[in-house]
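Participant: Quick one, input17.cif (mmCIF, C-alpha atoms):
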```cif
data_my_file
loop_
_atom_site.label_atom_id
_atom_site.label_comp_id
_atom_site.auth_asym_id
_atom_site.auth_seq_id
_atom_site.Cartn_x
_atom_site.Cartn_y
_atom_site.Cartn_z
CA MET M 1 176.27 204.34 73.29
CA ARG M 2 177.85 201.05 74.32
CA HIS M 3 181.28 202.66 74.26
CA ASN M 4 180.13 205.51 76.48
CA SER M 5 178.44 203.10 78.92
CA LEU M 6 181.65 201.09 79.21
CA ILE M 7 183.62 204.24 79.96
CA ALA M 8 181.14 205.14 82.70
CA ILE M 9 181.30 201.67 84.24
CA THR M 10 185.10 201.63 84.07
CA ALA M 11 185.25 205.02 85.78
CA ALA M 12 182.92 203.78 88.51
CA LEU M 13 185.13 200.76 89.01
CA ALA M 14 188.20 202.89 89.33
CA ALA M 15 186.40 204.96 91.96
CA GLY M 16 185.58 201.81 93.89
CA SER M 17 181.82 202.20 93.56
CA LEU M 18 181.34 199.16 91.32
CA THR M 19 183.38 196.01 91.30
CA LEU M 20 182.93 193.09 88.95
CA THR M 21 183.19 189.39 89.59
CA ALA M 22 184.50 186.60 87.43
CA CYS M 23 185.56 183.01 87.17
CA GLY M 24 189.13 181.77 86.97
CA SER M 25 191.85 179.38 88.21
CA ARG M 26 195.09 179.54 90.23
CA ASP M 27 197.17 178.32 87.31
CA THR M 28 200.00 180.83 86.86
CA ASN M 29 200.90 179.29 83.52
CA ASP M 30 197.39 179.29 82.06
CA SER M 31 197.62 180.23 78.38
CA SER M 32 194.26 182.05 78.65
CA ALA M 33 195.67 184.60 81.09
CA SER M 34 195.33 188.15 79.83
CA SER M 35 195.74 191.76 80.93
CA GLY M 36 199.21 190.88 82.17
CA GLY M 37 197.81 188.57 84.85
CA SER M 38 200.23 186.06 86.40
CA THR M 39 197.62 184.12 88.39
CA THR M 40 194.35 182.71 87.05
CA LEU M 41 191.51 182.24 89.52
CA THR M 42 188.34 180.30 88.83
CA ILE M 43 184.80 181.12 89.87
CA GLY M 44 182.37 178.28 89.39
CA VAL M 45 178.84 178.57 88.08
CA ASP M 46 176.22 175.93 88.79
CA ALA M 47 172.85 176.06 87.02
CA PRO M 48 170.61 173.94 84.78
CA LEU M 49 172.35 174.40 81.44
CA SER M 50 170.35 171.70 79.66
CA GLY M 51 166.87 170.24 79.98
CA GLU M 52 164.26 171.78 82.28
CA ASN M 53 164.87 175.35 83.40
CA SER M 54 167.84 175.74 81.02
CA THR M 55 166.52 179.00 79.56
CA THR M 56 167.03 180.78 82.88
CA GLY M 57 170.05 178.67 83.81
CA LEU M 58 171.94 179.80 80.72
CA GLY M 59 171.10 183.39 81.62
CA ILE M 60 172.94 182.84 84.90
CA GLN M 61 175.97 181.33 83.14
CA TYR M 62 176.35 184.11 80.62
CA GLY M 63 175.63 186.83 83.16
CA ALA M 64 178.68 185.60 85.05
CA GLN M 65 180.69 185.26 81.83
CA ILE M 66 180.13 188.90 80.92
CA ALA M 67 181.25 189.98 84.38
CA ILE M 68 184.41 187.91 83.99
CA ASP M 69 185.17 189.32 80.57
CA ASP M 70 184.70 192.88 81.85
CA ALA M 71 186.92 192.20 84.86
CA ASN M 72 189.73 190.81 82.72
CA LYS M 73 189.46 193.55 80.12
CA ASN M 74 189.69 196.26 82.75
CA ASN M 75 192.38 194.47 84.81
CA LEU M 76 190.29 194.94 87.92
CA VAL M 77 192.59 192.87 90.11
CA PRO M 78 196.16 193.51 88.94
CA GLY M 79 198.10 190.28 88.58
CA VAL M 80 194.94 188.17 88.40
CA THR M 81 192.95 186.83 85.47
CA PHE M 82 189.53 185.28 86.09
CA LYS M 83 188.05 182.25 84.38
CA LEU M 84 184.61 180.64 84.36
CA LYS M 85 183.92 177.02 85.19
CA ALA M 86 180.26 176.28 84.42
CA LEU M 87 178.66 173.02 85.59
CA ASP M 88 175.23 171.72 84.59
CA ASP M 89 173.06 170.55 87.49
CA LYS M 90 170.07 169.74 85.22
CA ALA M 91 167.86 171.12 88.02
CA GLN M 92 168.59 167.93 89.99
CA PRO M 93 169.60 168.24 93.68
CA ALA M 94 171.92 165.23 93.61
CA THR M 95 173.75 166.58 90.56
CA GLY M 96 174.08 169.97 92.21
CA GLN M 97 175.65 168.37 95.25
CA SER M 98 178.15 166.51 93.05
CA ASN M 99 178.98 169.74 91.25
CA ALA M 100 179.56 171.51 94.56
CA THR M 101 181.93 168.73 95.60
CA ALA M 102 183.80 169.06 92.29
CA LEU M 103 184.15 172.83 92.68
CA VAL M 104 185.37 172.56 96.27
CA GLY M 105 187.88 169.90 95.20
CA ASP M 106 189.36 172.21 92.56
CA SER M 107 192.10 174.25 94.25
CA ASN M 108 191.75 176.94 91.57
CA VAL M 109 188.16 177.79 92.55
CA VAL M 110 187.67 180.73 94.92
CA GLY M 111 183.86 180.92 94.93
CA ALA M 112 180.68 179.85 93.18
CA VAL M 113 177.64 181.53 91.62
CA GLY M 114 174.34 179.65 91.61
CA PRO M 115 172.29 177.57 91.59
CA LEU M 116 168.91 178.45 90.07
CA ASN M 117 166.70 176.10 92.11
CA SER M 118 166.27 176.37 95.88
CA GLY M 119 165.95 172.60 96.18
CA VAL M 120 169.33 172.19 94.50
CA ALA M 121 170.86 174.81 96.79
CA GLN M 122 169.85 172.85 99.88
CA THR M 123 172.11 169.97 98.83
CA MET M 124 175.04 172.28 98.05
CA GLN M 125 175.21 174.56 101.09
CA GLN M 126 176.90 172.13 103.47
CA VAL M 127 179.52 171.21 100.86
CA PHE M 128 180.59 174.81 100.36
CA ALA M 129 180.42 175.55 104.09
CA SER M 130 182.75 172.65 104.88
CA ALA M 131 185.37 174.25 102.62
CA ASP M 132 184.64 177.79 103.85
CA MET M 133 183.99 178.78 100.23
CA VAL M 134 181.51 181.43 99.23
CA GLN M 135 178.34 180.62 97.29
CA ILE M 136 176.12 183.40 95.93
CA SER M 137 172.87 182.57 94.19
CA PRO M 138 171.28 185.11 91.87
CA ALA M 139 168.00 183.18 91.87
CA ASN M 140 167.23 181.18 95.05
CA THR M 141 164.27 182.61 96.94
CA ASN M 142 163.26 180.11 99.64
CA PRO M 143 163.64 181.77 103.09
CA VAL M 144 164.89 178.53 104.70
CA LEU M 145 168.22 178.83 102.89
CA THR M 146 169.30 181.92 104.81
CA MET M 147 167.11 181.98 107.93
CA GLY M 148 166.63 178.30 108.77
CA LYS M 149 163.63 175.99 108.79
CA ASN M 150 161.89 177.97 111.55
CA TRP M 151 162.41 181.30 109.80
CA GLN M 152 158.90 182.55 110.55
CA THR M 153 159.36 182.24 114.33
CA ASP M 154 163.08 181.86 115.05
CA LYS M 155 165.50 183.10 112.37
CA LYS M 156 168.94 181.48 112.48
CA ARG M 157 171.45 181.59 109.66
CA PRO M 158 172.48 178.01 108.76
CA TYR M 159 175.62 178.79 106.72
CA LYS M 160 177.82 181.88 106.75
CA THR M 161 179.15 181.00 103.29
CA TYR M 162 175.77 181.27 101.53
CA PHE M 163 174.47 184.55 100.06
CA ARG M 164 171.98 185.60 97.41
CA THR M 165 171.33 188.66 95.26
CA ALA M 166 167.63 187.71 94.82
CA THR M 167 165.08 188.64 97.45
CA THR M 168 163.05 185.93 99.18
CA ASP M 169 159.69 184.27 98.68
CA GLU M 170 158.50 185.96 101.86
CA MET M 171 158.68 189.19 99.87
CA GLN M 172 157.69 187.72 96.51
CA GLY M 173 154.65 185.76 97.71
CA THR M 174 153.42 188.75 99.66
CA PHE M 175 153.94 191.14 96.73
CA ALA M 176 151.96 188.80 94.47
CA ALA M 177 149.13 188.47 96.98
CA GLU M 178 148.94 192.24 97.35
CA TYR M 179 148.82 192.71 93.60
CA ALA M 180 146.13 190.05 93.15
CA ALA M 181 143.91 191.37 95.94
CA LYS M 182 144.44 195.11 95.62
CA SER M 183 145.58 195.93 92.09
CA ILE M 184 143.43 193.53 90.05
CA SER M 185 140.73 192.88 92.68
CA LYS M 186 140.74 189.08 92.59
CA LYS M 187 138.52 187.42 95.20
CA ASN M 188 138.67 183.66 94.66
CA VAL M 189 141.98 181.96 93.94
CA PHE M 190 142.90 178.35 93.24
CA VAL M 191 146.47 177.58 94.39
CA VAL M 192 148.67 174.87 92.83
CA ASP M 193 152.32 173.94 93.42
CA ASP M 194 154.83 171.45 92.03
CA LYS M 195 155.81 169.93 95.42
CA GLN M 196 159.35 171.28 95.07
CA THR M 197 161.12 173.42 97.67
CA TYR M 198 160.73 176.62 95.69
CA GLY M 199 157.24 176.10 94.31
CA ALA M 200 155.60 174.74 97.47
CA GLY M 201 157.19 177.43 99.63
CA LEU M 202 156.10 180.27 97.36
CA ALA M 203 152.54 178.93 97.02
CA LYS M 204 152.24 178.58 100.81
CA ILE M 205 153.24 182.20 101.40
CA PHE M 206 150.89 183.47 98.68
CA ASN M 207 148.06 181.42 100.18
CA GLU M 208 148.64 182.84 103.66
CA GLN M 209 149.01 186.45 102.54
CA PHE M 210 146.06 186.42 100.11
CA THR M 211 143.83 185.08 102.89
CA LYS M 212 145.06 187.78 105.29
CA LEU M 213 144.04 190.37 102.72
CA GLY M 214 140.48 189.06 102.71
CA GLY M 215 140.65 186.82 99.66
CA THR M 216 139.36 183.26 99.49
CA VAL M 217 141.41 180.24 98.44
CA VAL M 218 138.73 178.11 96.79
CA GLY M 219 140.97 175.10 96.26
CA THR M 220 144.51 173.78 96.36
CA ASP M 221 146.31 170.99 94.55
CA HIS M 222 149.76 169.70 93.62
CA VAL M 223 151.37 168.46 90.42
CA ASN M 224 154.47 166.45 89.67
CA THR M 225 157.33 167.96 87.70
CA GLY M 226 157.37 166.56 84.20
CA THR M 227 153.56 166.25 84.02
CA LYS M 228 152.12 166.97 80.57
CA ASP M 229 148.40 166.23 81.00
CA PHE M 230 146.47 168.44 83.43
CA ALA M 231 142.92 167.47 82.43
CA SER M 232 141.75 166.47 85.91
CA LEU M 233 143.28 169.57 87.50
CA VAL M 234 141.65 171.80 84.87
CA THR M 235 138.28 170.27 85.72
CA LYS M 236 138.79 171.06 89.43
CA ILE M 237 139.78 174.64 88.70
CA LYS M 238 136.87 175.13 86.31
CA SER M 239 134.31 173.94 88.87
CA SER M 240 135.85 175.94 91.74
CA GLY M 241 134.69 179.35 90.51
CA ALA M 242 138.20 180.76 90.81
CA ASP M 243 138.93 184.09 89.15
CA LEU M 244 142.71 183.52 89.34
CA LEU M 245 145.03 180.51 89.35
CA TYR M 246 148.21 180.92 91.41
CA TYR M 247 151.00 178.49 90.53
CA GLY M 248 154.14 177.83 92.56
CA GLY M 249 156.74 176.25 90.30
CA GLN M 250 158.63 176.56 87.02
CA TYR M 251 157.62 177.45 83.47
CA ASP M 252 157.87 173.89 82.14
CA GLU M 253 154.61 172.73 83.71
CA SER M 254 152.83 176.08 84.09
CA ALA M 255 153.01 176.88 80.37
CA LEU M 256 151.21 173.63 79.55
CA LEU M 257 148.73 174.13 82.38
CA THR M 258 147.68 177.60 81.25
CA LYS M 259 147.27 176.38 77.67
CA GLN M 260 145.07 173.46 78.69
CA LEU M 261 143.11 175.71 81.03
CA LYS M 262 142.33 178.24 78.29
CA ASP M 263 141.58 175.45 75.78
CA ALA M 264 138.93 174.23 78.23
CA GLY M 265 137.29 177.63 78.21
CA VAL M 266 138.60 178.81 81.59
CA SER M 267 139.71 182.33 80.74
CA ILE M 268 141.33 183.30 84.04
CA PRO M 269 144.92 184.45 84.42
CA LEU M 270 147.64 182.16 85.73
CA PHE M 271 149.89 184.01 88.20
CA GLY M 272 153.27 182.65 89.26
CA GLY M 273 156.72 183.53 90.56
CA ASP M 274 160.09 184.18 88.98
CA GLY M 275 160.41 180.51 88.04
CA MET M 276 157.92 181.26 85.27
CA TYR M 277 159.55 184.48 84.11
CA ALA M 278 161.11 183.32 80.84
CA THR M 279 160.40 183.71 77.14
CA THR M 280 160.00 179.92 76.98
CA TYR M 281 156.76 180.21 78.95
CA ILE M 282 155.23 182.41 76.25
CA ASP M 283 156.72 180.39 73.40
CA THR M 284 155.17 177.19 74.77
CA ALA M 285 151.79 178.55 75.84
CA GLY M 286 151.31 180.78 72.80
CA GLN M 287 148.16 182.90 72.76
CA ALA M 288 146.99 181.24 75.98
CA ALA M 289 149.69 183.12 77.88
CA GLU M 290 148.08 186.51 77.18
CA GLY M 291 147.13 188.17 80.45
CA ASP M 292 149.14 185.77 82.62
CA LEU M 293 151.27 187.24 85.39
CA VAL M 294 154.52 186.67 87.25
CA THR M 295 156.54 188.33 89.95
CA SER M 296 160.30 188.55 89.58
CA VAL M 297 163.14 190.00 91.61
CA GLY M 298 164.27 193.57 91.21
CA VAL M 299 163.61 196.20 88.59
CA PRO M 300 163.53 195.25 84.86
CA ALA M 301 167.18 195.06 83.80
CA ASP M 302 166.59 196.84 80.50
CA THR M 303 165.28 199.91 82.35
CA LEU M 304 168.37 200.33 84.53
CA PRO M 305 170.97 202.74 83.08
CA ALA M 306 173.83 200.84 84.75
CA ALA M 307 172.71 197.58 83.10
CA LYS M 308 172.57 198.93 79.55
CA GLN M 309 176.08 197.81 78.66
CA PHE M 310 175.34 194.36 80.08
CA VAL M 311 172.14 193.97 78.04
CA ASP M 312 173.84 195.25 74.87
CA THR M 313 176.73 192.82 75.35
CA TYR M 314 174.47 189.84 76.02
CA LYS M 315 172.52 190.51 72.85
CA SER M 316 175.55 191.28 70.68
CA LYS M 317 177.29 188.06 71.77
CA GLY M 318 174.23 186.06 70.74
CA TYR M 319 174.22 184.21 74.04
CA LYS M 320 171.51 181.58 74.48
CA GLY M 321 169.05 181.63 77.33
CA ASP M 322 167.23 184.56 78.86
CA TYR M 323 169.10 187.29 80.73
CA ALA M 324 165.94 189.05 81.93
CA ALA M 325 165.22 186.97 85.04
CA TYR M 326 168.64 186.48 86.64
CA GLY M 327 171.41 187.47 84.22
CA ALA M 328 172.07 190.86 85.78
CA TYR M 329 171.86 189.38 89.28
CA SER M 330 174.41 186.77 88.25
CA TYR M 331 176.64 189.58 87.01
CA ASP M 332 176.40 191.31 90.38
CA ALA M 333 176.94 188.06 92.30
CA THR M 334 180.09 187.49 90.29
CA THR M 335 180.98 191.11 90.96
CA ALA M 336 180.78 190.60 94.71
CA ILE M 337 183.21 187.67 94.54
CA ILE M 338 185.80 189.55 92.49
CA ASN M 339 185.49 192.53 94.76
CA ALA M 340 186.26 190.23 97.71
CA VAL M 341 189.25 188.75 95.87
CA LYS M 342 190.57 192.27 95.27
CA ALA M 343 190.20 193.06 98.97
CA ALA M 344 192.12 189.89 99.88
CA VAL M 345 194.91 190.74 97.45
CA ASP M 346 195.10 194.35 98.65
CA ALA M 347 195.32 193.15 102.26
CA ASN M 348 198.21 190.85 101.29
CA SER M 349 200.50 193.54 99.91
CA GLY M 350 199.11 193.18 96.39
CA LYS M 351 199.71 189.44 96.16
CA VAL M 352 197.25 186.55 95.91
CA PRO M 353 197.38 184.56 99.18
CA GLY M 354 199.32 181.40 98.47
CA ASP M 355 197.05 179.13 100.48
CA ILE M 356 193.66 178.45 98.82
CA ASN M 357 191.94 177.95 102.17
CA THR M 358 193.12 181.36 103.36
CA LEU M 359 191.95 182.97 100.13
CA ARG M 360 188.54 181.29 100.24
CA SER M 361 188.01 182.33 103.84
CA SER M 362 188.99 185.92 103.03
CA VAL M 363 186.55 185.99 100.11
CA VAL M 364 183.67 184.89 102.38
CA GLU M 365 184.50 187.76 104.74
CA GLY M 366 184.81 190.19 101.86
CA VAL M 367 181.46 189.25 100.36
CA GLN M 368 179.74 189.77 103.72
CA LYS M 369 181.13 193.33 103.72
CA SER M 370 179.95 194.04 100.14
CA ASP M 371 178.66 197.56 99.64
CA PHE M 372 178.74 198.79 96.05
CA ASP M 373 176.57 199.99 93.21
CA GLY M 374 175.95 197.03 90.91
CA ILE M 375 174.11 196.97 87.63
CA THR M 376 170.91 195.92 89.45
CA GLY M 377 171.24 198.59 92.14
CA LYS M 378 172.87 198.62 95.55
CA VAL M 379 174.61 195.34 96.40
CA SER M 380 174.98 194.49 100.08
CA PHE M 381 173.93 191.65 102.37
CA ASP M 382 172.27 191.52 105.77
CA GLU M 383 173.22 189.33 108.73
CA TYR M 384 171.54 186.32 107.11
CA GLY M 385 173.27 186.66 103.75
CA ASP M 386 170.14 188.04 102.08
CA THR M 387 170.27 190.96 99.69
CA THR M 388 169.21 194.30 101.11
CA ASN M 389 167.59 195.10 97.74
CA LYS M 390 163.94 194.11 98.21
CA GLN M 391 162.57 195.51 94.93
CA LEU M 392 160.15 193.28 92.98
CA THR M 393 158.25 193.61 89.72
CA VAL M 394 154.98 192.17 88.42
CA TYR M 395 155.04 191.33 84.71
CA GLU M 396 152.06 190.59 82.46
CA VAL M 397 152.03 188.94 79.06
CA LYS M 398 150.90 191.59 76.60
CA ASN M 399 151.03 191.06 72.85
CA GLY M 400 153.29 188.03 73.22
CA ALA M 401 155.89 189.54 75.57
CA TRP M 402 156.44 190.12 79.28
CA LYS M 403 155.69 193.73 80.16
CA ALA M 404 156.36 195.26 83.58
CA VAL M 405 153.13 196.52 85.17
CA LYS M 406 154.18 197.29 88.75
CA THR M 407 157.47 197.65 90.62
CA GLY M 408 157.79 198.12 94.37
CA THR M 409 158.35 196.36 97.68
CA ALA M 410 156.10 194.05 99.67
CA ASP M 411 154.57 194.77 103.04
CA ALA M 412 155.59 191.58 104.83
CA GLY M 413 154.70 192.91 108.24
#
```
Just give me the structure of the file as structure tokens.
Facilitator:
Amino acid sequence: MRHNSLIAITAALAAGSLTLTACGSRDTNDSSASSGGSTTLTIGVDAPLSGENSTTGLGIQYGAQIAIDDANKNNLVPGVTFKLKALDDKAQPATGQSNATALVGDSNVVGAVGPLNSGVAQTMQQVFASADMVQISPANTNPVLTMGKNWQTDKKRPYKTYFRTATTDEMQGTFAAEYAAKSISKKNVFVVDDKQTYGAGLAKIFNEQFTKLGGTVVGTDHVNTGTKDFASLVTKIKSSGADLLYYGGQYDESALLTKQLKDAGVSIPLFGGDGMYATTYIDTAGQAAEGDLVTSVGVPADTLPAAKQFVDTYKSKGYKGDYAAYGAYSYDATTAIINAVKAAVDANSGKVPGDINTLRSSVVEGVQKSDFDGITGKVSFDEYGDTTNKQLTVYEVKNGAWKAVKTGTADAG
């Protein structure tokens, strides 16, 4: 079955309907060059590869790696071999900014995939924009990144070099609120966030949309990342009469919070965003995670026929991390970059442009024009750099695993 899937993907590539992305370097003497390539181009990956959020960060790294391996194997850009350069931002904005500077300073790098965290992305955007180098995140969801700080009243794209294959919190927070109010009939919600760009933004949108739908927010609070003891917060939630806890943030804190909540006899579900969608959440919370909910971008990867080869490869390679949240979106982000490189080479009589600045600029233009069938569905970007794929899925922990319970789009009107 894997062999047949690869044939199908290769045929689609040849037809121009699916292009893959990869990481590489402009070293024409690189000993790792394969498929007869004379030039090696690098695509950088930035994500938390250790510490907090590393489960999902590693999924981003290896999603890009599989795309690179497929591109090289199938000689997608004749004369070019791609290589990955993965940098660990440890979910720290300052480290992400340093990594962006390092990638821009490497004349072999033609584009970057990542990061995971919206707060990290905010420190990286200007660095990539100054070098006119493309950045595509498979995971960032804060609307500010593509539509500016006044996105709710006056949308303005801050950086033409920034794109993402994940839909925004405007969609995700609304989809969650609709599910809570309409699908599971929750009336009284307590809302908590981790004060970070992603978590606070998502919680704010959920709060607004749930209220619009007639629900009541019975309390709000904030936690610090790295917190382990939530006793006082649990007491507040318990006395509030909430029938649902909505959490804006990552799995590191939320897994401990749900466990302490259930241990205190508060048997209400904890509902969060894609920052919680990882096996680590369930592993840490254990039985307390049963019935908890998350929203995540797109359709479940293991249900998409085009993604079957990707999932099989990820598992067979024994890669660490969790591909489910962003791995396939990282593959498609990498795909968009390689597709743009191919367009630049084709426009230059089949040769890689000799000037790195010219190549980088051409790749930005090529990514903006993306229009292909990726493994997550249609891949294209609007005038803000946002994906046109607005699909979202609600997952629930059932029998110790995340199970999809609803897929659709949000009514953000």
Participant: Quick one: which residues end up in the PyMOL selection byres ((chain M and resi 207-220) around 8) for this structure, as a PDB file with C-alpha atoms, in the coordinates of the input?
Facilitator:
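Writing done, so here's part_11.pdb:
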```pdb
ATOM      1  CA  GLY M 173     154.650 185.760  97.710  1.00  0.00           C
ATOM      2  CA  THR M 174     153.420 188.750  99.660  1.00  0.00           C
ATOM      3  CA  ALA M 177     149.130 188.470  96.980  1.00  0.00           C
ATOM      4  CA  GLU M 178     148.940 192.240  97.350  1.00  0.00           C
ATOM      5  CA  ALA M 180     146.130 190.050  93.150  1.00  0.00           C
ATOM      6  CA  ALA M 181     143.910 191.370  95.940  1.00  0.00           C
ATOM      7  CA  LYS M 186     140.740 189.080  92.590  1.00  0.00           C
ATOM      8  CA  LYS M 187     138.520 187.420  95.200  1.00  0.00           C
ATOM      9  CA  ASN M 188     138.670 183.660  94.660  1.00  0.00           C
ATOM     10  CA  VAL M 189     141.980 181.960  93.940  1.00  0.00           C
ATOM     11  CA  PHE M 190     142.900 178.350  93.240  1.00  0.00           C
ATOM     12  CA  VAL M 191     146.470 177.580  94.390  1.00  0.00           C
ATOM     13  CA  VAL M 192     148.670 174.870  92.830  1.00  0.00           C
ATOM     14  CA  ALA M 203     152.540 178.930  97.020  1.00  0.00           C
ATOM     15  CA  LYS M 204     152.240 178.580 100.810  1.00  0.00           C
ATOM     16  CA  ILE M 205     153.240 182.200 101.400  1.00  0.00           C
ATOM     17  CA  PHE M 206     150.890 183.470  98.680  1.00  0.00           C
ATOM     18  CA  ASP M 221     146.310 170.990  94.550  1.00  0.00           C
ATOM     19  CA  HIS M 222     149.760 169.700  93.620  1.00  0.00           C
ATOM     20  CA  ILE M 237     139.780 174.640  88.700  1.00  0.00           C
ATOM     21  CA  SER M 240     135.850 175.940  91.740  1.00  0.00           C
ATOM     22  CA  GLY M 241     134.690 179.350  90.510  1.00  0.00           C
ATOM     23  CA  ALA M 242     138.200 180.760  90.810  1.00  0.00           C
TER      24      ALA M 242
END
```
Participant: Given the file above and the PyMOL selection byres ((chain M and resi 58) around 9), which residues are selected, and can you give them as an MDAnalysis selection string?
Facilitator: chainID M and resid 47:50 53:57 59:63 319:323 327
Participant: Which one is closest to Phe372 of chain M: M:Val345, M:Asp332, M:Asp193, M:Leu392? Count only C-alpha atoms.
Facilitator: M:Asp332
Participant: Could you give me, as a PDB file with C-alpha atoms, keeping the file's coordinate frame, the residues within 9 Å of segment 249-256 of chain M, counting all atoms listed in the file and dropping anything in the same chain fewer than 3 positions from it?
Facilitator:
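Output below, filename part_32.pdb:
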```pdb
ATOM      1  CA  GLU M  52     164.260 171.780  82.280  1.00  0.00           C
ATOM      2  CA  ASN M  53     164.870 175.350  83.400  1.00  0.00           C
ATOM      3  CA  VAL M 192     148.670 174.870  92.830  1.00  0.00           C
ATOM      4  CA  ASP M 193     152.320 173.940  93.420  1.00  0.00           C
ATOM      5  CA  ASP M 194     154.830 171.450  92.030  1.00  0.00           C
ATOM      6  CA  LYS M 195     155.810 169.930  95.420  1.00  0.00           C
ATOM      7  CA  GLN M 196     159.350 171.280  95.070  1.00  0.00           C
ATOM      8  CA  TYR M 198     160.730 176.620  95.690  1.00  0.00           C
ATOM      9  CA  GLY M 199     157.240 176.100  94.310  1.00  0.00           C
ATOM     10  CA  ALA M 200     155.600 174.740  97.470  1.00  0.00           C
ATOM     11  CA  LEU M 202     156.100 180.270  97.360  1.00  0.00           C
ATOM     12  CA  ALA M 203     152.540 178.930  97.020  1.00  0.00           C
ATOM     13  CA  VAL M 223     151.370 168.460  90.420  1.00  0.00           C
ATOM     14  CA  ASN M 224     154.470 166.450  89.670  1.00  0.00           C
ATOM     15  CA  THR M 225     157.330 167.960  87.700  1.00  0.00           C
ATOM     16  CA  GLY M 226     157.370 166.560  84.200  1.00  0.00           C
ATOM     17  CA  THR M 227     153.560 166.250  84.020  1.00  0.00           C
ATOM     18  CA  LYS M 228     152.120 166.970  80.570  1.00  0.00           C
ATOM     19  CA  ASP M 229     148.400 166.230  81.000  1.00  0.00           C
ATOM     20  CA  PHE M 230     146.470 168.440  83.430  1.00  0.00           C
ATOM     21  CA  LYS M 259     147.270 176.380  77.670  1.00  0.00           C
ATOM     22  CA  GLN M 260     145.070 173.460  78.690  1.00  0.00           C
ATOM     23  CA  LEU M 261     143.110 175.710  81.030  1.00  0.00           C
ATOM     24  CA  LEU M 270     147.640 182.160  85.730  1.00  0.00           C
ATOM     25  CA  GLY M 272     153.270 182.650  89.260  1.00  0.00           C
ATOM     26  CA  GLY M 273     156.720 183.530  90.560  1.00  0.00           C
ATOM     27  CA  ASP M 274     160.090 184.180  88.980  1.00  0.00           C
ATOM     28  CA  GLY M 275     160.410 180.510  88.040  1.00  0.00           C
ATOM     29  CA  MET M 276     157.920 181.260  85.270  1.00  0.00           C
ATOM     30  CA  TYR M 277     159.550 184.480  84.110  1.00  0.00           C
ATOM     31  CA  ALA M 278     161.110 183.320  80.840  1.00  0.00           C
ATOM     32  CA  THR M 280     160.000 179.920  76.980  1.00  0.00           C
ATOM     33  CA  TYR M 281     156.760 180.210  78.950  1.00  0.00           C
ATOM     34  CA  ILE M 282     155.230 182.410  76.250  1.00  0.00           C
ATOM     35  CA  ASP M 283     156.720 180.390  73.400  1.00  0.00           C
ATOM     36  CA  THR M 284     155.170 177.190  74.770  1.00  0.00           C
ATOM     37  CA  ALA M 285     151.790 178.550  75.840  1.00  0.00           C
ATOM     38  CA  GLY M 286     151.310 180.780  72.800  1.00  0.00           C
ATOM     39  CA  ALA M 288     146.990 181.240  75.980  1.00  0.00           C
ATOM     40  CA  ALA M 289     149.690 183.120  77.880  1.00  0.00           C
TER      41      ALA M 289
END
```
Participant: For this structure, which residues satisfy the selection - the PyMOL selection byres ((chain M and resi 407) around 6) - when it is evaluated on the file as given? I want them as a list of chain:residue names.
Facilitator: M:Leu392, M:Thr393, M:Lys406, M:Gly408
Participant: Expressed in Å to a single decimal, how great is the separation between atom CA of Val311 of chain M and atom CA of Ala121 of chain M?
Facilitator: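 Spanning atom CA of Val311 of chain M to atom CA of Ala121 of chain M is a straight-line distance of 26.8 Å.
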Participant: Could you work out how far atom CA of Leu116 of chain M lies from atom CA of Lys308 of chain M, giving the answer in Å with one decimal?
Facilitator: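 Answer for the atom CA of Lys308 of chain M to atom CA of Leu116 of chain M separation: 23.3 Å.
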Participant: Have a look at M:Gln287, M:Thr376, M:Thr42, M:Thr303 and name the one nearest to Ser107 of chain M; count all atoms listed in the file.
Facilitator: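 Of the candidates, the smallest distance to Ser107 of chain M is held by M:Thr42.
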